[in-house]
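What's in my_file-v3.cif: mmCIF, C-alpha atoms, pLDDT in the B column; chains and numbers go by the auth columns
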```
data_upload
loop_
_atom_site.group_PDB
_atom_site.id
_atom_site.type_symbol
_atom_site.label_atom_id
_atom_site.label_comp_id
_atom_site.label_asym_id
_atom_site.label_seq_id
_atom_site.Cartn_x
_atom_site.Cartn_y
_atom_site.Cartn_z
_atom_site.B_iso_or_equiv
_atom_site.auth_seq_id
_atom_site.auth_asym_id
ATOM 1 C CA MET A 1 -39.358 -4.203 27.560 67.00 1 A
ATOM 2 C CA GLU A 2 -39.530 -7.198 25.250 78.00 2 A
ATOM 3 C CA GLU A 3 -40.965 -6.673 21.793 83.00 3 A
ATOM 4 C CA ILE A 4 -43.828 -8.975 20.809 82.00 4 A
ATOM 5 C CA LYS A 5 -44.001 -10.016 17.160 82.00 5 A
ATOM 6 C CA VAL A 6 -47.354 -11.037 15.750 81.00 6 A
ATOM 7 C CA SER A 7 -47.608 -12.818 12.438 83.00 7 A
ATOM 8 C CA LEU A 8 -50.011 -11.494 9.839 77.00 8 A
ATOM 9 C CA ASP A 9 -52.788 -13.831 8.765 81.00 9 A
ATOM 10 C CA LYS A 10 -52.592 -15.055 5.165 79.00 10 A
ATOM 11 C CA SER A 11 -55.963 -13.521 4.275 76.00 11 A
ATOM 12 C CA LEU A 12 -54.859 -10.048 5.408 76.00 12 A
ATOM 13 C CA ARG A 13 -51.747 -9.831 3.265 74.00 13 A
ATOM 14 C CA ARG A 14 -52.024 -7.392 0.387 69.00 14 A
ATOM 15 C CA GLY A 15 -49.594 -8.755 -2.177 68.00 15 A
ATOM 16 C CA ASN A 16 -50.863 -8.191 -5.699 65.00 16 A
ATOM 17 C CA LYS A 17 -54.547 -8.073 -4.826 60.00 17 A
ATOM 18 C CA MET A 18 -55.161 -4.900 -6.847 59.00 18 A
ATOM 19 C CA SER A 19 -53.633 -6.343 -9.978 63.00 19 A
ATOM 20 C CA GLY A 20 -56.575 -8.718 -10.453 66.00 20 A
ATOM 21 C CA THR A 21 -59.945 -7.927 -11.950 68.00 21 A
ATOM 22 C CA ARG A 22 -62.241 -5.534 -10.148 73.00 22 A
ATOM 23 C CA ASN A 23 -65.967 -6.074 -9.993 80.00 23 A
ATOM 24 C CA VAL A 24 -66.732 -2.363 -9.517 85.00 24 A
ATOM 25 C CA LEU A 25 -65.876 0.193 -12.182 89.00 25 A
ATOM 26 C CA LYS A 26 -65.268 3.911 -11.710 91.00 26 A
ATOM 27 C CA ARG A 27 -67.833 6.264 -13.218 92.00 27 A
ATOM 28 C CA ALA A 28 -65.596 7.238 -16.142 92.00 28 A
ATOM 29 C CA GLU A 29 -64.939 3.581 -16.923 91.00 29 A
ATOM 30 C CA ARG A 30 -68.669 2.812 -16.862 93.00 30 A
ATOM 31 C CA VAL A 31 -69.449 5.738 -19.166 93.00 31 A
ATOM 32 C CA SER A 32 -66.732 4.722 -21.631 93.00 32 A
ATOM 33 C CA GLN A 33 -67.994 1.127 -21.663 92.00 33 A
ATOM 34 C CA LEU A 34 -71.587 2.302 -22.169 94.00 34 A
ATOM 35 C CA GLU A 35 -70.437 4.515 -25.051 94.00 35 A
ATOM 36 C CA ALA A 36 -68.689 1.533 -26.646 94.00 36 A
ATOM 37 C CA GLU A 37 -71.936 -0.457 -26.396 92.00 37 A
ATOM 38 C CA ASP A 38 -73.978 2.498 -27.790 94.00 38 A
ATOM 39 C CA ARG A 39 -76.019 2.678 -24.582 93.00 39 A
ATOM 40 C CA TRP A 40 -74.857 6.205 -23.625 92.00 40 A
ATOM 41 C CA THR A 41 -75.892 9.503 -25.197 90.00 41 A
ATOM 42 C CA ASP A 42 -74.640 13.032 -24.584 89.00 42 A
ATOM 43 C CA ASN A 43 -77.811 14.026 -22.743 91.00 43 A
ATOM 44 C CA SER A 44 -77.741 11.001 -20.393 90.00 44 A
ATOM 45 C CA THR A 45 -77.319 11.645 -16.695 90.00 45 A
ATOM 46 C CA VAL A 46 -74.944 9.841 -14.331 88.00 46 A
ATOM 47 C CA LEU A 47 -77.792 9.351 -11.878 91.00 47 A
ATOM 48 C CA GLY A 48 -79.493 6.019 -12.479 90.00 48 A
ATOM 49 C CA MET A 49 -76.848 4.736 -14.868 90.00 49 A
ATOM 50 C CA PRO A 50 -77.510 1.250 -16.239 90.00 50 A
ATOM 51 C CA LYS A 51 -75.437 -1.605 -14.909 88.00 51 A
ATOM 52 C CA VAL A 52 -72.332 -2.665 -16.785 89.00 52 A
ATOM 53 C CA ARG A 53 -71.144 -6.232 -16.841 87.00 53 A
ATOM 54 C CA VAL A 54 -67.476 -6.667 -15.996 84.00 54 A
ATOM 55 C CA LYS A 55 -65.827 -9.308 -18.131 77.00 55 A
ATOM 56 C CA ARG A 56 -63.413 -11.443 -16.158 71.00 56 A
ATOM 57 C CA THR A 57 -60.505 -13.124 -17.805 67.00 57 A
ATOM 58 C CA VAL A 58 -60.270 -16.835 -17.142 68.00 58 A
ATOM 59 C CA ILE A 59 -56.864 -18.368 -16.936 69.00 59 A
ATOM 60 C CA GLY A 60 -56.936 -21.477 -19.059 69.00 60 A
ATOM 61 C CA LYS A 61 -55.431 -24.792 -18.183 71.00 61 A
ATOM 62 C CA LYS A 62 -52.016 -25.586 -19.548 72.00 62 A
ATOM 63 C CA LYS A 63 -52.021 -28.034 -22.413 73.00 63 A
ATOM 64 C CA LYS A 64 -50.207 -31.257 -21.752 73.00 64 A
ATOM 65 C CA LYS A 65 -47.214 -31.945 -23.897 73.00 65 A
ATOM 66 C CA LYS A 66 -47.649 -34.859 -26.235 70.00 66 A
ATOM 67 C CA SER A 67 -45.395 -37.807 -25.588 66.00 67 A
ATOM 68 C CA LYS A 68 -43.290 -39.336 -28.326 64.00 68 A
ATOM 69 C CA GLU A 69 -45.659 -42.307 -28.553 65.00 69 A
ATOM 70 C CA GLU A 70 -48.654 -40.050 -29.316 60.00 70 A
ATOM 71 C CA ASP A 71 -46.688 -38.123 -31.958 60.00 71 A
ATOM 72 C CA ASP A 72 -45.845 -41.344 -33.815 60.00 72 A
ATOM 73 C CA GLU A 73 -49.504 -42.372 -34.087 58.00 73 A
#
```

Encoding of this model in structure tokens:
Amino acid sequence: MEEIKVSLDKSLRRGNKMSGTRNVLKRAERVSQLEAEDRWTDNSTVLGMPKVRVKRTVIGKKKKKKSKEEDDE
């Protein structure tokens, strides 16, 4: 019997998807971030925890190298 090969769609490939930023934090991460912001006390409950904003890192644009003409001016 002949084997049929099916290509995987580009959107379904895993690659390094988990290395990027996540928009959902685990409970321990949320508690530690709330403690850092002084919004968490020892008697607080995990039920009804306040929302925590996830800061995303933005990759900046590369600076263009100055040409010799611009350096002379």

Inset, instruction - List the residues selected by the PyMOL selection byres ((chain A and resi 31) around 10) in the file shown, writing them as a PyMOL selection string. - result: chain A and resi 25-30+32-37+39-41+44+46+49-50+52

Just the selected residues (C-alpha atoms), exported as a PDB file, in the frame of the given file, please.
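Dumped to selection.pdb:
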```pdb
ATOM      1  CA  LEU A  25     -65.876   0.193 -12.182  1.00 89.00           C
ATOM      2  CA  LYS A  26     -65.268   3.911 -11.710  1.00 91.00           C
ATOM      3  CA  ARG A  27     -67.833   6.264 -13.218  1.00 92.00           C
ATOM      4  CA  ALA A  28     -65.596   7.238 -16.142  1.00 92.00           C
ATOM      5  CA  GLU A  29     -64.939   3.581 -16.923  1.00 91.00           C
ATOM      6  CA  ARG A  30     -68.669   2.812 -16.862  1.00 93.00           C
ATOM      7  CA  SER A  32     -66.732   4.722 -21.631  1.00 93.00           C
ATOM      8  CA  GLN A  33     -67.994   1.127 -21.663  1.00 92.00           C
ATOM      9  CA  LEU A  34     -71.587   2.302 -22.169  1.00 94.00           C
ATOM     10  CA  GLU A  35     -70.437   4.515 -25.051  1.00 94.00           C
ATOM     11  CA  ALA A  36     -68.689   1.533 -26.646  1.00 94.00           C
ATOM     12  CA  GLU A  37     -71.936  -0.457 -26.396  1.00 92.00           C
ATOM     13  CA  ARG A  39     -76.019   2.678 -24.582  1.00 93.00           C
ATOM     14  CA  TRP A  40     -74.857   6.205 -23.625  1.00 92.00           C
ATOM     15  CA  THR A  41     -75.892   9.503 -25.197  1.00 90.00           C
ATOM     16  CA  SER A  44     -77.741  11.001 -20.393  1.00 90.00           C
ATOM     17  CA  VAL A  46     -74.944   9.841 -14.331  1.00 88.00           C
ATOM     18  CA  MET A  49     -76.848   4.736 -14.868  1.00 90.00           C
ATOM     19  CA  PRO A  50     -77.510   1.250 -16.239  1.00 90.00           C
ATOM     20  CA  VAL A  52     -72.332  -2.665 -16.785  1.00 89.00           C
TER      21      VAL A  52
END
```

Put the listed atoms of segment 47-53 of chain A in a box along x, y and z with 8 Å added on every side and give me the centre and edge lengths in Å to one decimal, as lines of an AutoDock Vina configuration file.
```
center_x = -75.3
center_y = 1.6
center_z = -14.4
size_x = 24.3
size_y = 31.6
size_z = 21.0
```

Inset, instruction - Using atom CA of Lys55 of chain A and atom CA of Arg13 of chain A as the two end points, give the distance in Å to one decimal. - result: 25.6 Å

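Atom CA of Arg53 of chain A is positioned 14.3 Å from atom CA of Asp38 of chain A.
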
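Across the model, the gap from atom CA of Lys63 of chain A to atom CA of Asn23 of chain A is 28.8 Å.
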